[in-house]
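> So here's model32.tsv (TSV, N, CA and C atoms).
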```tsv
chain	number	residue	atom	x	y	z
A	182	VAL	N	0.85	-1.18	0.00
A	182	VAL	CA	0.00	0.00	0.00
A	182	VAL	C	0.89	1.24	0.00
A	183	GLN	N	0.62	2.12	-0.95
A	183	GLN	CA	1.42	3.35	-1.04
A	183	GLN	C	0.51	4.55	-1.09
A	184	LEU	N	0.86	5.56	-0.32
A	184	LEU	CA	0.16	6.83	-0.32
A	184	LEU	C	1.19	7.93	-0.50
A	185	GLN	N	0.93	8.82	-1.44
A	185	GLN	CA	1.87	9.89	-1.72
A	185	GLN	C	1.14	11.21	-1.65
A	186	ALA	N	1.42	11.97	-0.59
A	186	ALA	CA	0.79	13.27	-0.41
A	186	ALA	C	1.69	14.36	-0.98
A	187	SER	N	1.07	15.38	-1.53
A	187	SER	CA	1.82	16.50	-2.08
A	187	SER	C	0.97	17.77	-2.03
A	188	GLY	N	1.62	18.90	-2.30
A	188	GLY	CA	0.90	20.16	-2.39
A	188	GLY	C	1.14	21.11	-1.23
A	189	GLY	N	1.87	20.68	-0.23
A	189	GLY	CA	2.15	21.56	0.89
A	189	GLY	C	3.10	22.67	0.49
A	190	GLY	N	3.25	23.65	1.37
A	190	GLY	CA	4.14	24.75	1.10
A	190	GLY	C	3.92	25.88	2.07
A	191	VAL	N	4.47	27.02	1.74
A	191	VAL	CA	4.34	28.22	2.57
A	191	VAL	C	3.39	29.18	1.89
A	192	VAL	N	2.44	29.69	2.64
A	192	VAL	CA	1.44	30.60	2.09
A	192	VAL	C	1.11	31.66	3.14
A	193	GLN	N	0.74	32.83	2.68
A	193	GLN	CA	0.34	33.88	3.62
A	193	GLN	C	-1.08	33.64	4.11
A	194	ALA	N	-1.39	34.15	5.27
A	194	ALA	CA	-2.74	34.05	5.80
A	194	ALA	C	-3.73	34.61	4.79
A	195	GLY	N	-4.83	33.88	4.63
A	195	GLY	CA	-5.83	34.25	3.65
A	195	GLY	C	-5.65	33.57	2.30
A	196	GLY	N	-4.51	32.94	2.12
A	196	GLY	CA	-4.23	32.26	0.87
A	196	GLY	C	-4.83	30.87	0.79
A	197	SER	N	-4.50	30.18	-0.29
A	197	SER	CA	-5.07	28.86	-0.56
A	197	SER	C	-3.97	27.88	-0.95
A	198	LEU	N	-4.24	26.63	-0.66
A	198	LEU	CA	-3.40	25.52	-1.12
A	198	LEU	C	-4.30	24.35	-1.43
A	199	ARG	N	-3.83	23.49	-2.32
A	199	ARG	CA	-4.56	22.26	-2.63
A	199	ARG	C	-3.64	21.08	-2.42
A	200	LEU	N	-4.01	20.22	-1.49
A	200	LEU	CA	-3.25	19.01	-1.23
A	200	LEU	C	-3.81	17.86	-2.05
A	201	SER	N	-2.92	16.99	-2.48
A	201	SER	CA	-3.31	15.79	-3.22
A	201	SER	C	-2.71	14.57	-2.54
A	202	CYS	N	-3.40	13.47	-2.65
A	202	CYS	CA	-2.88	12.20	-2.12
A	202	CYS	C	-3.24	11.10	-3.09
A	203	ALA	N	-2.23	10.54	-3.71
A	203	ALA	CA	-2.42	9.44	-4.64
A	203	ALA	C	-2.18	8.12	-3.93
A	204	ALA	N	-3.08	7.19	-4.11
A	204	ALA	CA	-2.98	5.90	-3.43
A	204	ALA	C	-2.89	4.78	-4.45
A	205	SER	N	-2.27	3.71	-4.03
A	205	SER	CA	-2.25	2.52	-4.87
A	205	SER	C	-3.66	1.96	-4.93
A	206	THR	N	-3.98	1.33	-6.05
A	206	THR	CA	-5.35	0.88	-6.30
A	206	THR	C	-5.86	-0.07	-5.22
A	207	ASP	N	-5.02	-0.98	-4.77
A	207	ASP	CA	-5.47	-1.96	-3.79
A	207	ASP	C	-5.86	-1.31	-2.47
A	208	ALA	N	-5.29	-0.13	-2.19
A	208	ALA	CA	-5.65	0.58	-0.95
A	208	ALA	C	-6.88	1.45	-1.13
A	209	PHE	N	-7.06	1.98	-2.32
A	209	PHE	CA	-8.05	3.04	-2.54
A	209	PHE	C	-9.44	2.49	-2.78
A	210	ARG	N	-9.53	1.38	-3.47
A	210	ARG	CA	-10.84	0.89	-3.92
A	210	ARG	C	-11.74	0.55	-2.74
A	211	GLY	N	-12.89	1.19	-2.72
A	211	GLY	CA	-13.87	0.94	-1.66
A	211	GLY	C	-13.57	1.61	-0.34
A	212	ALA	N	-12.47	2.30	-0.26
A	212	ALA	CA	-12.01	2.82	1.02
A	212	ALA	C	-12.52	4.22	1.30
A	213	ALA	N	-12.68	4.52	2.58
A	213	ALA	CA	-12.84	5.90	3.00
A	213	ALA	C	-11.45	6.52	3.10
A	214	MET	N	-11.40	7.81	2.84
A	214	MET	CA	-10.13	8.52	2.89
A	214	MET	C	-10.25	9.67	3.87
A	215	GLY	N	-9.14	10.01	4.47
A	215	GLY	CA	-9.16	11.11	5.43
A	215	GLY	C	-7.91	11.95	5.35
A	216	TRP	N	-8.06	13.21	5.71
A	216	TRP	CA	-6.93	14.10	5.90
A	216	TRP	C	-6.84	14.39	7.40
A	217	PHE	N	-5.64	14.31	7.91
A	217	PHE	CA	-5.36	14.60	9.30
A	217	PHE	C	-4.22	15.62	9.35
A	218	ARG	N	-4.03	16.23	10.49
A	218	ARG	CA	-2.90	17.15	10.62
A	218	ARG	C	-2.35	17.11	12.04
A	219	GLN	N	-1.08	17.44	12.13
A	219	GLN	CA	-0.43	17.51	13.43
A	219	GLN	C	0.43	18.76	13.47
A	220	ALA	N	0.07	19.66	14.36
A	220	ALA	CA	0.83	20.88	14.55
A	220	ALA	C	1.93	20.64	15.59
A	221	PRO	N	2.97	21.43	15.58
A	221	PRO	CA	4.05	21.26	16.56
A	221	PRO	C	3.54	21.29	17.99
A	222	GLY	N	3.89	20.28	18.75
A	222	GLY	CA	3.50	20.23	20.15
A	222	GLY	C	2.06	19.82	20.40
A	223	LYS	N	1.35	19.46	19.35
A	223	LYS	CA	-0.05	19.08	19.50
A	223	LYS	C	-0.28	17.66	19.00
A	224	GLU	N	-1.42	17.10	19.40
A	224	GLU	CA	-1.78	15.77	18.94
A	224	GLU	C	-2.35	15.84	17.52
A	225	ARG	N	-2.25	14.73	16.85
A	225	ARG	CA	-2.83	14.65	15.52
A	225	ARG	C	-4.35	14.76	15.60
A	226	GLU	N	-4.94	15.48	14.66
A	226	GLU	CA	-6.38	15.65	14.64
A	226	GLU	C	-6.92	15.40	13.24
A	227	VAL	N	-8.16	14.98	13.19
A	227	VAL	CA	-8.81	14.76	11.90
A	227	VAL	C	-9.23	16.11	11.33
A	228	VAL	N	-9.04	16.26	10.04
A	228	VAL	CA	-9.43	17.48	9.33
A	228	VAL	C	-10.69	17.25	8.51
A	229	ALA	N	-10.68	16.19	7.71
A	229	ALA	CA	-11.82	15.91	6.84
A	229	ALA	C	-11.78	14.45	6.42
A	230	THR	N	-12.96	13.88	6.20
A	230	THR	CA	-13.04	12.51	5.73
A	230	THR	C	-14.09	12.40	4.64
A	231	ILE	N	-13.93	11.38	3.79
A	231	ILE	CA	-14.86	11.18	2.68
A	231	ILE	C	-14.96	9.69	2.40
A	232	THR	N	-16.18	9.21	2.20
A	232	THR	CA	-16.37	7.81	1.89
A	232	THR	C	-16.15	7.53	0.41
A	233	TRP	N	-16.08	6.25	0.06
A	233	TRP	CA	-15.83	5.85	-1.33
A	233	TRP	C	-16.88	6.43	-2.27
A	234	SER	N	-18.14	6.34	-1.86
A	234	SER	CA	-19.23	6.80	-2.72
A	234	SER	C	-19.50	8.29	-2.59
A	235	VAL	N	-18.74	8.96	-1.73
A	235	VAL	CA	-18.92	10.39	-1.46
A	235	VAL	C	-20.27	10.65	-0.80
A	236	SER	N	-20.84	9.61	-0.21
A	236	SER	CA	-22.14	9.77	0.43
A	236	SER	C	-22.02	10.43	1.80
A	237	MET	N	-20.83	10.38	2.37
A	237	MET	CA	-20.65	10.99	3.68
A	237	MET	C	-19.32	11.74	3.70
A	238	ILE	N	-19.40	13.01	4.04
A	238	ILE	CA	-18.21	13.86	4.17
A	238	ILE	C	-18.29	14.54	5.53
A	239	THR	N	-17.19	14.56	6.23
A	239	THR	CA	-17.14	15.22	7.53
A	239	THR	C	-15.97	16.20	7.57
A	240	TYR	N	-16.12	17.24	8.36
A	240	TYR	CA	-15.08	18.24	8.56
A	240	TYR	C	-14.93	18.56	10.04
A	241	ALA	N	-13.72	18.87	10.43
A	241	ALA	CA	-13.51	19.44	11.76
A	241	ALA	C	-14.16	20.81	11.81
A	242	ASP	N	-14.68	21.16	12.96
A	242	ASP	CA	-15.34	22.47	13.09
A	242	ASP	C	-14.41	23.61	12.70
A	243	SER	N	-13.14	23.45	12.97
A	243	SER	CA	-12.18	24.52	12.73
A	243	SER	C	-11.94	24.82	11.25
A	244	VAL	N	-12.35	23.89	10.37
A	244	VAL	CA	-12.09	24.10	8.94
A	244	VAL	C	-13.37	24.18	8.12
A	245	LYS	N	-14.52	23.99	8.74
A	245	LYS	CA	-15.78	24.05	8.00
A	245	LYS	C	-15.94	25.40	7.31
A	246	GLY	N	-16.35	25.32	6.05
A	246	GLY	CA	-16.54	26.54	5.28
A	246	GLY	C	-15.28	27.05	4.61
A	247	ARG	N	-14.13	26.48	4.96
A	247	ARG	CA	-12.87	26.91	4.37
A	247	ARG	C	-12.19	25.79	3.58
A	248	PHE	N	-12.32	24.57	4.04
A	248	PHE	CA	-11.67	23.42	3.39
A	248	PHE	C	-12.72	22.57	2.69
A	249	THR	N	-12.31	21.95	1.58
A	249	THR	CA	-13.18	21.04	0.86
A	249	THR	C	-12.40	19.77	0.51
A	250	ILE	N	-12.94	18.63	0.92
A	250	ILE	CA	-12.33	17.35	0.56
A	250	ILE	C	-13.08	16.78	-0.64
A	251	SER	N	-12.35	16.16	-1.54
A	251	SER	CA	-12.96	15.54	-2.71
A	251	SER	C	-12.08	14.37	-3.13
A	252	ARG	N	-12.61	13.57	-4.03
A	252	ARG	CA	-11.84	12.43	-4.51
A	252	ARG	C	-12.16	12.14	-5.95
A	253	ASP	N	-11.20	11.57	-6.64
A	253	ASP	CA	-11.37	11.10	-8.01
A	253	ASP	C	-11.05	9.62	-8.00
A	254	ASN	N	-12.08	8.80	-7.99
A	254	ASN	CA	-11.86	7.36	-7.88
A	254	ASN	C	-11.19	6.77	-9.11
A	255	SER	N	-11.34	7.43	-10.24
A	255	SER	CA	-10.68	6.93	-11.45
A	255	SER	C	-9.18	7.16	-11.41
A	256	GLU	N	-8.75	8.12	-10.58
A	256	GLU	CA	-7.33	8.45	-10.46
A	256	GLU	C	-6.76	8.01	-9.11
A	257	ASN	N	-7.56	7.34	-8.30
A	257	ASN	CA	-7.12	6.90	-6.95
A	257	ASN	C	-6.53	8.05	-6.15
A	258	THR	N	-7.18	9.20	-6.22
A	258	THR	CA	-6.62	10.39	-5.61
A	258	THR	C	-7.67	11.10	-4.77
A	259	VAL	N	-7.24	11.61	-3.64
A	259	VAL	CA	-8.10	12.42	-2.78
A	259	VAL	C	-7.45	13.79	-2.66
A	260	TYR	N	-8.28	14.82	-2.57
A	260	TYR	CA	-7.80	16.20	-2.54
A	260	TYR	C	-8.30	16.91	-1.30
A	261	LEU	N	-7.57	17.94	-0.91
A	261	LEU	CA	-8.03	18.84	0.14
A	261	LEU	C	-7.76	20.26	-0.32
A	262	GLN	N	-8.82	20.94	-0.70
A	262	GLN	CA	-8.72	22.34	-1.09
A	262	GLN	C	-8.84	23.19	0.17
A	263	MET	N	-7.83	23.99	0.42
A	263	MET	CA	-7.79	24.78	1.65
A	263	MET	C	-7.79	26.26	1.28
A	264	ASN	N	-8.83	26.95	1.66
A	264	ASN	CA	-8.96	28.38	1.39
A	264	ASN	C	-8.97	29.15	2.70
A	265	SER	N	-8.76	30.45	2.59
A	265	SER	CA	-8.77	31.33	3.77
A	265	SER	C	-7.90	30.77	4.89
A	266	LEU	N	-6.71	30.39	4.52
A	266	LEU	CA	-5.82	29.75	5.49
A	266	LEU	C	-5.43	30.71	6.61
A	267	LYS	N	-5.28	30.12	7.79
A	267	LYS	CA	-4.91	30.86	8.99
A	267	LYS	C	-3.59	30.31	9.54
A	268	PRO	N	-2.88	31.11	10.31
A	268	PRO	CA	-1.65	30.59	10.93
A	268	PRO	C	-1.91	29.32	11.75
A	269	ASP	N	-3.08	29.20	12.36
A	269	ASP	CA	-3.41	28.00	13.14
A	269	ASP	C	-3.53	26.75	12.28
A	270	ASP	N	-3.59	26.91	10.97
A	270	ASP	CA	-3.64	25.76	10.07
A	270	ASP	C	-2.25	25.18	9.82
A	271	THR	N	-1.23	25.83	10.29
A	271	THR	CA	0.13	25.34	10.11
A	271	THR	C	0.29	23.98	10.77
A	272	ALA	N	0.71	23.00	9.98
A	272	ALA	CA	0.83	21.62	10.48
A	272	ALA	C	1.39	20.74	9.37
A	273	VAL	N	1.76	19.54	9.76
A	273	VAL	CA	2.02	18.49	8.77
A	273	VAL	C	0.68	17.80	8.50
A	274	TYR	N	0.31	17.73	7.24
A	274	TYR	CA	-0.95	17.14	6.84
A	274	TYR	C	-0.69	15.73	6.29
A	275	TYR	N	-1.49	14.80	6.77
A	275	TYR	CA	-1.37	13.40	6.38
A	275	TYR	C	-2.67	12.93	5.73
A	276	CYS	N	-2.53	12.13	4.69
A	276	CYS	CA	-3.70	11.42	4.18
A	276	CYS	C	-3.66	10.00	4.71
A	277	ALA	N	-4.84	9.42	4.83
A	277	ALA	CA	-4.94	8.07	5.38
A	277	ALA	C	-6.09	7.32	4.74
A	278	VAL	N	-5.99	6.02	4.80
A	278	VAL	CA	-6.97	5.13	4.18
A	278	VAL	C	-7.64	4.28	5.26
A	279	ARG	N	-8.96	4.24	5.19
A	279	ARG	CA	-9.72	3.30	6.02
A	279	ARG	C	-10.34	2.28	5.04
A	280	PRO	N	-9.72	1.10	4.93
A	280	PRO	CA	-10.20	0.12	3.95
A	280	PRO	C	-11.64	-0.28	4.21
A	281	TYR	N	-12.27	-0.74	3.17
A	281	TYR	CA	-13.65	-1.20	3.27
A	281	TYR	C	-13.76	-2.31	4.32
A	282	GLY	N	-14.71	-2.16	5.24
A	282	GLY	CA	-14.92	-3.17	6.26
A	282	GLY	C	-14.04	-3.01	7.49
A	283	VAL	N	-13.18	-2.00	7.48
A	283	VAL	CA	-12.28	-1.76	8.61
A	283	VAL	C	-12.72	-0.50	9.34
A	284	SER	N	-12.64	-0.50	10.65
A	284	SER	CA	-13.18	0.62	11.41
A	284	SER	C	-12.17	1.72	11.69
A	285	THR	N	-10.91	1.48	11.40
A	285	THR	CA	-9.90	2.49	11.69
A	285	THR	C	-9.09	2.83	10.45
A	286	TYR	N	-8.41	3.97	10.49
A	286	TYR	CA	-7.53	4.35	9.39
A	286	TYR	C	-6.24	3.54	9.53
A	287	LYS	N	-6.00	2.74	8.51
A	287	LYS	CA	-4.95	1.73	8.62
A	287	LYS	C	-3.66	2.11	7.94
A	288	TYR	N	-3.76	2.84	6.84
A	288	TYR	CA	-2.58	3.19	6.07
A	288	TYR	C	-2.42	4.70	6.03
A	289	TRP	N	-1.16	5.13	6.16
A	289	TRP	CA	-0.89	6.57	6.28
A	289	TRP	C	0.19	6.99	5.28
A	290	GLY	N	0.01	8.19	4.73
A	290	GLY	CA	1.03	8.77	3.88
A	290	GLY	C	2.13	9.39	4.71
A	291	GLN	N	3.12	9.95	4.02
A	291	GLN	CA	4.29	10.45	4.71
A	291	GLN	C	4.12	11.87	5.25
A	292	GLY	N	3.08	12.54	4.85
A	292	GLY	CA	2.84	13.89	5.35
A	292	GLY	C	3.42	14.97	4.46
A	293	THR	N	2.73	16.09	4.42
A	293	THR	CA	3.22	17.25	3.68
A	293	THR	C	3.02	18.48	4.56
A	294	LEU	N	4.05	19.31	4.64
A	294	LEU	CA	4.04	20.45	5.56
A	294	LEU	C	3.34	21.65	4.95
A	295	VAL	N	2.41	22.20	5.71
A	295	VAL	CA	1.74	23.44	5.34
A	295	VAL	C	2.11	24.50	6.38
A	296	THR	N	2.66	25.60	5.92
A	296	THR	CA	3.04	26.69	6.80
A	296	THR	C	2.29	27.95	6.37
A	297	VAL	N	1.53	28.52	7.29
A	297	VAL	CA	0.77	29.73	7.00
A	297	VAL	C	1.37	30.87	7.80
A	298	SER	N	1.87	31.86	7.09
A	298	SER	CA	2.50	32.99	7.76
A	298	SER	C	1.49	34.12	7.97
A	299	SER	N	1.67	34.84	9.06
A	299	SER	CA	0.73	35.93	9.37
A	299	SER	C	1.17	37.24	8.75
```
Could you write out this file's structure as structure tokens?


Amino acid sequence: VQLQASGGGVVQAGGSLRLSCAASTDAFRGAAMGWFRQAPGKEREVVATITWSVSMITYADSVKGRFTISRDNSENTVYLQMNSLKPDDTAVYYCAVRPYGVSTYKYWGQGTLVTVSS
């Protein structure tokens, strides 16, 4: 199982970034996908999740209205569009896979750093 996250970088407050996570087919098919983040000195937290059929999407309260999760099942890729970024959004962002029939996120990407300057 391989997950490759990309799209992180440095952006000013109020700016936008789009994260991408490409997964190997055996991991992606039927799976729910999630974006998580971990800021320095803090615990990892869930940012957004999306099911295979896109029937259920969830967001952390802190990003609602600013972030949008989406997926392209034909490309085995999940995206996180981040708008109106704030310094508090600074973190390493991870994508993860919750395989079909499994209750937890089992596979994790390597993370991509997002830095929002004030």

> Measure the distance from CA of Gly211 (chain A) to CA of Lys287 (chain A) in Å and round it to one decimal.

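We find that CA of Gly211 (chain A) and CA of Lys287 (chain A) lie 13.6 Å from each other.
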
> Write out as CSV the residues of region 267-298 of chain A that have any atom within 8 Å of an atom of region 196-202 of chain A, one row each with the nearest atom pair and its distance in Å to one decimal, counting only N, CA and C atoms, sorted by chain and then rising number.


```
residue,atom,partner,partner_atom,distance
A:Lys267,N,A:Gly196,N,6.4
A:Tyr275,C,A:Cys202,CA,7.9
A:Cys276,CA,A:Cys202,CA,6.4
A:Ala277,N,A:Cys202,CA,7.7
A:Gly290,CA,A:Cys202,CA,7.9
A:Val297,CA,A:Gly196,N,7.9
```

> Which residue gives the smallest distance to Ser299 (chain A) among A:Gly222, A:Pro280, A:Gly195, A:Gly215, with only C-alpha atoms counted?

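The shortest atom-to-atom distance to Ser299 (chain A) comes from A:Gly195.
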
> Show me, as a ChimeraX atom specification, the residues that have an atom within 12 Å of Val235 (chain A) when counting only C-alpha atoms, minus same-chain residues fewer than 5 positions from it.

/A:211-215,230,250-254,259

> What gap, in Å, lies between CA of Ala194 (chain A) and atom C of Lys223 (chain A)?

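Going from CA of Ala194 (chain A) over to atom C of Lys223 (chain A) covers 21.2 Å.
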
> Please extract the residues of chain A with a backbone DSSP assignment of strand (DSSP E) and present them as a ChimeraX atom specification.

/A:184-187,190-193,198-204,213-219,226-231,238-240,248-253,258-263,272-279,288-289,293-298

> If we count all atoms listed in the file, what is near Thr293 (chain A) at a cut-off of 6.5 Å, once residues fewer than 4 positions away on the same chain are taken out, given as a list of chain:residue names?

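Within the cut-off, the hits are A:Ala186, A:Ser187, A:Gly188, A:Gly189, A:Gly190, A:Ala272, A:Val273, A:Tyr274, A:Tyr275.
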
> So, counting only C-alpha atoms, which residue among A:Asp270, A:Gln291, A:Gln185, A:Thr258 is closest to Glu226 (chain A)?

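For Glu226 (chain A), the nearest of the given residues is A:Asp270.
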
> So, with all atoms listed in the file as the atoms that count, which of A:Tyr260, A:Trp289, A:Phe248, A:Tyr281 lies closest to Arg210 (chain A)?

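Nearest to Arg210 (chain A): A:Tyr281.
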
> If I take atom C of Ala229 (chain A) and CA of Thr249 (chain A), how far is one from the other in Å, to one decimal?

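Going from atom C of Ala229 (chain A) over to CA of Thr249 (chain A), I get 8.7 Å.
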
> Mind checking which residues fall within 7 Å of Thr206 (chain A), counting only N, CA and C atoms, ignoring those fewer than 3 positions away in the same chain, and posting them as an MDAnalysis selection string?

chainID A and resid 183 209:210 257

> Using only C-alpha atoms, which of the listed residues (A:Ile231, A:Met237, A:Val182, A:Val278) sits closest to Leu261 (chain A)?

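The answer is A:Ile231, which sits nearest to Leu261 (chain A).
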
> Hey, which of A:Ala220, A:Met263, A:Val283, A:Val244 ends up closest to Val192 (chain A)? Count only C-alpha atoms.

A:Met263

> I need the residues in region 197-265 of chain A that are alpha helix (DSSP H) according to DSSP; give them as a list in words.

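Result set for region 197-265 of chain A (alpha helix (DSSP H)): Thr206, Asp207, Ala208 and Phe209 of chain A.
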